[in-house]
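Notes to accompany the following structure.
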Amino acid sequence: MPISQRTQVGIVGAGPAGLVLSHLLYLQGIDSVVVENRSRQYVEERVRAGVLEQGTVDLLTAMGVGERMKTEGLVHYGIELRFEGRSHRIDFQDLTGGKGITIYAQAEVLKDLNNARVATGGQVFFEVENVSVQDYDGAKPKIRYEKDGNACELTCDFIAGCDGFHGICRPSIPDGVLTEYVREYPFGWLGILADAAPSSEELIYTYHDRGFALLSMRTPQISRLYLQCDPEEDIDLWSDEKIWQELQTRLASNGWTLTEGPILQKGITGMRSFVVEPMQYGNLFLAGDSAHIVPPTGAKGLNLAVADVQVLARALTRFYATGSRCLLNKYSATCLRRVWKVQRFSWWMTSMLHRFPNESPFDHRRQLAELDYVTSSRAAALTLAENYVGLPME
Ligand code: RFL
Ligand code: PHB
């Protein structure tokens with residue numbers, strides 16, 4: 001006999017989507033259990049996102065998990081677009097009426113959320129195995145898993161599939177229910193974390209003949225940098241020296257120097273745009289990367305995951321307060337409206353800033369004209385700025 005437990009909302013995955021959802025529900029008096037197949041340490045050390053939209057910052061603050069982010073996060077009011085060796089600033093503060101972004105690593109957000117869940121008696125089970133979801137088309141959905149060799153069964157009212165792109169929730173939905181929309185890009189990003197003070201106060205997005213490069217950061221001591229590369233590239237072929245040399249070449253600009261330092265971590269990620277519709281089947285709701293992936297050029301993945309679960313938490317709160325499924329029924333449509341706008345922005349940033357293997361000289365000129373336009377027209381700059389700082393929730 002499996003060890004049985006009951007909760008109101010069973011959550012698969014302790015990434016940003018799962019943990020924000022669990023804590024939002026707790027704040028509304030709704031019980032949840034999170035099951036995660038990795039260890040807490042792994043989840044809290046994985047190097048991923050770093051840019052938080054104003055709306056994400058506001059939500060984390062309102063949830064009571066914003067203390068450290070407030071003191072350690074770096075608030076930026078613009079970014080630089082660099083092409084043909086020259087930098088052009090997009091002034092978010094001026095263009096959006098005072099909005100900005102905060103640089104604070106995803107790993108730090110997860111530490112703060114885990115601490116808050118522990119402090120308030122939250123149940124997050126790490127290192128569980130063989131997770132599966134059952135009966136979610138009926139009134140008694142179940143999550144089955146193994147913990148320390150014991151079979152466990154969690155019965156709940158709803159399941160939230162917050163288990164990322166490679167999770168089990170989306171693939172468990174019967175064939176024919178979901179429609180997938182996919183775009184693969186013919187390049188990836190080689191990313192490094194370096195023990196070097198950031199060479200710029202703000203992020204620098206660079207379009208160069210040899211490909212895209214990005215200067216970002218995590219703290220006043222740690223830089224995060226990316227290079228466009230072949231998606232199948234072997235990271236072992238990139239010595240630290242070769243990485244710095246390529247970054248120096250692509251980011252070069254008159255009167256500006258790139259500070260180097262020891263490379264602490266390096267890796268290559270592929271890039272794709274992906275959406276499933278609908279984001280719900282019966283009492284199983286998909287949120288975050290399990291339902292959609294954006295290429296990282298717009299810095300939107302984490303923010304979109306947080307936006308989804310904000311919609312889901314509101315819908316579940318309404319259900320438990322009134323019995324009405326009205327907002328739950330609208331969950332997918334509400335999220336997808338915003339998801340597609342963010343997809344469009346991420347695709348557009350990616351298309352504008354990368355070299356494409358089969359592009360024509362016409363395409364190249366058009367990209368340069370686009371960058372010239374975005375950095376010289378207030379209307380065009382405003383379009384970038386309002387998307388980058390984050391579109392309204394609904
Ligand atoms: P996550 O973070 O992938 O979390 C899913 C969790 O589910 C667990 N899991 C399972 N648990 C139980 N059973 C199973 N069968 C399971 N299968 C998986 C996983 O271990 C994991 O803990 O998804 P979530 O919560 O939807 O959050 C999404 C974000 O993590 C992601 O969109 C961002 O990291 C994307 N992203 C960025 N987003 C931003 O908003 N701003 C950025 O600056 C930014 N930069 C990035 C990024 C992603 C990157 N990579 C590596 C993909 C930069 C990079 C390089
Ligand atoms: C990051 O700091 O990891 C980062 C910043 C901006 C992006 C993507 C990633 O567009």
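Each chain in the structure tokens gets a letter, A, B, ..., in the order shown, and its residues are numbered from 1; ligands are numbered from 1 in order too.
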
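Identified as lying at most 7 Å from ligand 2 when counting only C-alpha atoms and all ligand atoms are the residues Arg48, Ala49, Gly50, Val51, Ser216, Met217, Arg218, Arg224, Pro296, Thr297, Gly298 and Ala299 of chain A.
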
Hey, what's within 6 Å of A:Ile159 if we count only C-alpha atoms and toss same-chain stuff fewer than 2 positions away? As a ChimeraX atom specification, please? /A:9-11,284

For A:Val182, please output as an NGL selection string all residues within 8 Å (counting only C-alpha atoms; exclusion window: fewer than 6 positions along the same chain). :A and (272-275)

Would you please give, as a PyMOL selection string, all residues of stretch 141-287 of chain A that DSSP assigns to strand (DSSP E or B) based on the backbone? chain A and resi 142-147+150-155+158-161+179-194+204-207+213-217+223-229+253+256+263-277+280-281+284-286

Go ahead and save the residues from that selection, with C-alpha atoms, as a PDB file, in the first residue's frame.
ATOM      1  CA  LYS A 142      -3.419  11.952  -7.940  1.00  0.00           C
ATOM      2  CA  ILE A 143       0.321  12.418  -8.004  1.00  0.00           C
ATOM      3  CA  ARG A 144       2.257   9.181  -7.461  1.00  0.00           C
ATOM      4  CA  TYR A 145       5.953   9.212  -6.637  1.00  0.00           C
ATOM      5  CA  GLU A 146       8.625   7.420  -4.667  1.00  0.00           C
ATOM      6  CA  LYS A 147      10.520   8.908  -1.769  1.00  0.00           C
ATOM      7  CA  ASN A 150       8.603   4.204  -0.508  1.00  0.00           C
ATOM      8  CA  ALA A 151       5.644   4.493  -2.884  1.00  0.00           C
ATOM      9  CA  CYS A 152       3.580   7.604  -2.099  1.00  0.00           C
ATOM     10  CA  GLU A 153       0.225   8.834  -3.384  1.00  0.00           C
ATOM     11  CA  LEU A 154      -0.935  12.415  -3.101  1.00  0.00           C
ATOM     12  CA  THR A 155      -4.652  12.954  -3.704  1.00  0.00           C
ATOM     13  CA  PHE A 158      -6.021  20.131  -8.758  1.00  0.00           C
ATOM     14  CA  ILE A 159      -2.572  19.425 -10.173  1.00  0.00           C
ATOM     15  CA  ALA A 160      -0.247  22.218 -11.280  1.00  0.00           C
ATOM     16  CA  GLY A 161       2.308  21.019 -13.847  1.00  0.00           C
ATOM     17  CA  THR A 179      -1.474  21.677 -30.225  1.00  0.00           C
ATOM     18  CA  GLU A 180       2.239  22.514 -30.235  1.00  0.00           C
ATOM     19  CA  TYR A 181       3.672  25.610 -31.894  1.00  0.00           C
ATOM     20  CA  VAL A 182       7.440  25.428 -32.340  1.00  0.00           C
ATOM     21  CA  ARG A 183      10.278  27.442 -33.837  1.00  0.00           C
ATOM     22  CA  GLU A 184      13.864  26.212 -33.590  1.00  0.00           C
ATOM     23  CA  TYR A 185      16.735  28.656 -34.095  1.00  0.00           C
ATOM     24  CA  PRO A 186      19.901  27.671 -35.939  1.00  0.00           C
ATOM     25  CA  PHE A 187      22.127  28.841 -33.068  1.00  0.00           C
ATOM     26  CA  GLY A 188      22.634  28.557 -29.320  1.00  0.00           C
ATOM     27  CA  TRP A 189      24.245  30.609 -26.561  1.00  0.00           C
ATOM     28  CA  LEU A 190      27.529  29.860 -24.886  1.00  0.00           C
ATOM     29  CA  GLY A 191      27.169  31.365 -21.416  1.00  0.00           C
ATOM     30  CA  ILE A 192      29.820  32.034 -18.776  1.00  0.00           C
ATOM     31  CA  LEU A 193      29.836  33.217 -15.201  1.00  0.00           C
ATOM     32  CA  ALA A 194      33.063  35.104 -14.487  1.00  0.00           C
ATOM     33  CA  ILE A 204      24.897  45.398 -23.420  1.00  0.00           C
ATOM     34  CA  TYR A 205      23.181  43.535 -26.284  1.00  0.00           C
ATOM     35  CA  THR A 206      25.572  43.410 -29.256  1.00  0.00           C
ATOM     36  CA  TYR A 207      25.026  42.651 -32.917  1.00  0.00           C
ATOM     37  CA  ALA A 213      27.128  38.806 -27.700  1.00  0.00           C
ATOM     38  CA  LEU A 214      25.625  39.900 -24.383  1.00  0.00           C
ATOM     39  CA  LEU A 215      27.184  41.381 -21.312  1.00  0.00           C
ATOM     40  CA  SER A 216      25.097  40.842 -18.197  1.00  0.00           C
ATOM     41  CA  MET A 217      25.902  40.429 -14.521  1.00  0.00           C
ATOM     42  CA  SER A 223      29.759  39.072 -14.721  1.00  0.00           C
ATOM     43  CA  ARG A 224      27.502  36.878 -16.847  1.00  0.00           C
ATOM     44  CA  LEU A 225      28.320  36.875 -20.563  1.00  0.00           C
ATOM     45  CA  TYR A 226      26.916  35.103 -23.601  1.00  0.00           C
ATOM     46  CA  LEU A 227      28.078  34.425 -27.177  1.00  0.00           C
ATOM     47  CA  GLN A 228      26.011  33.206 -30.113  1.00  0.00           C
ATOM     48  CA  CYS A 229      27.384  29.823 -31.212  1.00  0.00           C
ATOM     49  CA  SER A 253      33.745  49.623 -28.810  1.00  0.00           C
ATOM     50  CA  TRP A 256      35.515  50.906 -23.660  1.00  0.00           C
ATOM     51  CA  ILE A 263      35.587  31.688 -15.533  1.00  0.00           C
ATOM     52  CA  LEU A 264      33.528  30.034 -12.777  1.00  0.00           C
ATOM     53  CA  GLN A 265      31.034  28.156 -14.935  1.00  0.00           C
ATOM     54  CA  LYS A 266      30.361  27.687 -18.652  1.00  0.00           C
ATOM     55  CA  GLY A 267      27.697  25.950 -20.738  1.00  0.00           C
ATOM     56  CA  ILE A 268      25.820  25.923 -24.031  1.00  0.00           C
ATOM     57  CA  THR A 269      22.031  26.185 -24.417  1.00  0.00           C
ATOM     58  CA  GLY A 270      19.942  25.700 -27.534  1.00  0.00           C
ATOM     59  CA  MET A 271      17.229  28.178 -28.379  1.00  0.00           C
ATOM     60  CA  ARG A 272      13.610  27.646 -29.306  1.00  0.00           C
ATOM     61  CA  SER A 273      10.191  29.192 -29.199  1.00  0.00           C
ATOM     62  CA  PHE A 274       7.484  26.758 -28.068  1.00  0.00           C
ATOM     63  CA  VAL A 275       3.859  27.033 -26.959  1.00  0.00           C
ATOM     64  CA  VAL A 276       1.175  24.432 -26.239  1.00  0.00           C
ATOM     65  CA  GLU A 277      -2.496  25.220 -26.432  1.00  0.00           C
ATOM     66  CA  GLN A 280      -5.070  23.023 -19.212  1.00  0.00           C
ATOM     67  CA  TYR A 281      -6.712  19.609 -19.400  1.00  0.00           C
ATOM     68  CA  LEU A 284      -4.333  19.608 -14.640  1.00  0.00           C
ATOM     69  CA  PHE A 285      -2.939  23.091 -15.270  1.00  0.00           C
ATOM     70  CA  LEU A 286       0.399  23.681 -17.012  1.00  0.00           C
TER      71      LEU A 286
END

Identify, on the basis of only C-alpha atoms, every residue whose closest approach to A:Glu72 does not exceed 12 Å; exclude the query and any residue fewer than 4 positions from it along the same chain; express the result as a PyMOL selection string. chain A and resi 66-68+102-105+108-109+218-221

Residues as selected, N, CA, C and O atoms, written as a PDB file, in the first residue's frame, can you do that?
ATOM      1  N   GLY A  66      10.807  39.528  -0.667  1.00  0.00           N
ATOM      2  CA  GLY A  66      11.592  40.499  -1.432  1.00  0.00           C
ATOM      3  C   GLY A  66      12.700  41.194  -0.664  1.00  0.00           C
ATOM      4  O   GLY A  66      13.386  42.059  -1.207  1.00  0.00           O
ATOM      5  N   GLU A  67      12.897  40.797   0.620  1.00  0.00           N
ATOM      6  CA  GLU A  67      13.866  41.524   1.460  1.00  0.00           C
ATOM      7  C   GLU A  67      15.282  41.540   0.875  1.00  0.00           C
ATOM      8  O   GLU A  67      15.889  42.586   0.698  1.00  0.00           O
ATOM      9  N   ARG A  68      15.796  40.339   0.579  1.00  0.00           N
ATOM     10  CA  ARG A  68      17.180  40.231   0.101  1.00  0.00           C
ATOM     11  C   ARG A  68      17.289  40.817  -1.315  1.00  0.00           C
ATOM     12  O   ARG A  68      18.270  41.478  -1.659  1.00  0.00           O
ATOM     13  N   THR A 102      15.187  44.502 -12.486  1.00  0.00           N
ATOM     14  CA  THR A 102      16.107  44.198 -11.385  1.00  0.00           C
ATOM     15  C   THR A 102      16.948  42.983 -11.746  1.00  0.00           C
ATOM     16  O   THR A 102      16.414  41.968 -12.201  1.00  0.00           O
ATOM     17  N   ILE A 103      18.264  43.111 -11.555  1.00  0.00           N
ATOM     18  CA  ILE A 103      19.160  41.980 -11.779  1.00  0.00           C
ATOM     19  C   ILE A 103      19.304  41.239 -10.456  1.00  0.00           C
ATOM     20  O   ILE A 103      19.839  41.785  -9.477  1.00  0.00           O
ATOM     21  N   TYR A 104      18.788  40.037 -10.428  1.00  0.00           N
ATOM     22  CA  TYR A 104      18.837  39.218  -9.196  1.00  0.00           C
ATOM     23  C   TYR A 104      18.684  37.785  -9.679  1.00  0.00           C
ATOM     24  O   TYR A 104      17.696  37.445 -10.333  1.00  0.00           O
ATOM     25  N   ALA A 105      19.678  36.943  -9.400  1.00  0.00           N
ATOM     26  CA  ALA A 105      19.722  35.614 -10.008  1.00  0.00           C
ATOM     27  C   ALA A 105      18.527  34.740  -9.620  1.00  0.00           C
ATOM     28  O   ALA A 105      18.055  34.776  -8.483  1.00  0.00           O
ATOM     29  N   GLU A 108      18.889  32.839  -6.501  1.00  0.00           N
ATOM     30  CA  GLU A 108      18.643  33.594  -5.262  1.00  0.00           C
ATOM     31  C   GLU A 108      17.139  33.690  -5.001  1.00  0.00           C
ATOM     32  O   GLU A 108      16.690  33.589  -3.853  1.00  0.00           O
ATOM     33  N   VAL A 109      16.355  33.888  -6.069  1.00  0.00           N
ATOM     34  CA  VAL A 109      14.892  33.923  -5.922  1.00  0.00           C
ATOM     35  C   VAL A 109      14.428  32.596  -5.330  1.00  0.00           C
ATOM     36  O   VAL A 109      13.600  32.555  -4.411  1.00  0.00           O
ATOM     37  N   ARG A 218      25.598  39.415 -12.371  1.00  0.00           N
ATOM     38  CA  ARG A 218      24.826  38.876 -11.256  1.00  0.00           C
ATOM     39  C   ARG A 218      24.964  39.767 -10.024  1.00  0.00           C
ATOM     40  O   ARG A 218      24.021  39.990  -9.308  1.00  0.00           O
ATOM     41  N   THR A 219      26.194  40.247  -9.779  1.00  0.00           N
ATOM     42  CA  THR A 219      26.467  41.107  -8.625  1.00  0.00           C
ATOM     43  C   THR A 219      27.517  42.131  -9.075  1.00  0.00           C
ATOM     44  O   THR A 219      28.041  42.023 -10.191  1.00  0.00           O
ATOM     45  N   PRO A 220      27.875  43.089  -8.211  1.00  0.00           N
ATOM     46  CA  PRO A 220      28.931  44.042  -8.602  1.00  0.00           C
ATOM     47  C   PRO A 220      30.297  43.362  -8.789  1.00  0.00           C
ATOM     48  O   PRO A 220      31.229  43.991  -9.282  1.00  0.00           O
ATOM     49  N   GLN A 221      30.420  42.090  -8.410  1.00  0.00           N
ATOM     50  CA  GLN A 221      31.701  41.374  -8.585  1.00  0.00           C
ATOM     51  C   GLN A 221      31.654  40.308  -9.674  1.00  0.00           C
ATOM     52  O   GLN A 221      32.696  39.826 -10.116  1.00  0.00           O
TER      53      GLN A 221
END
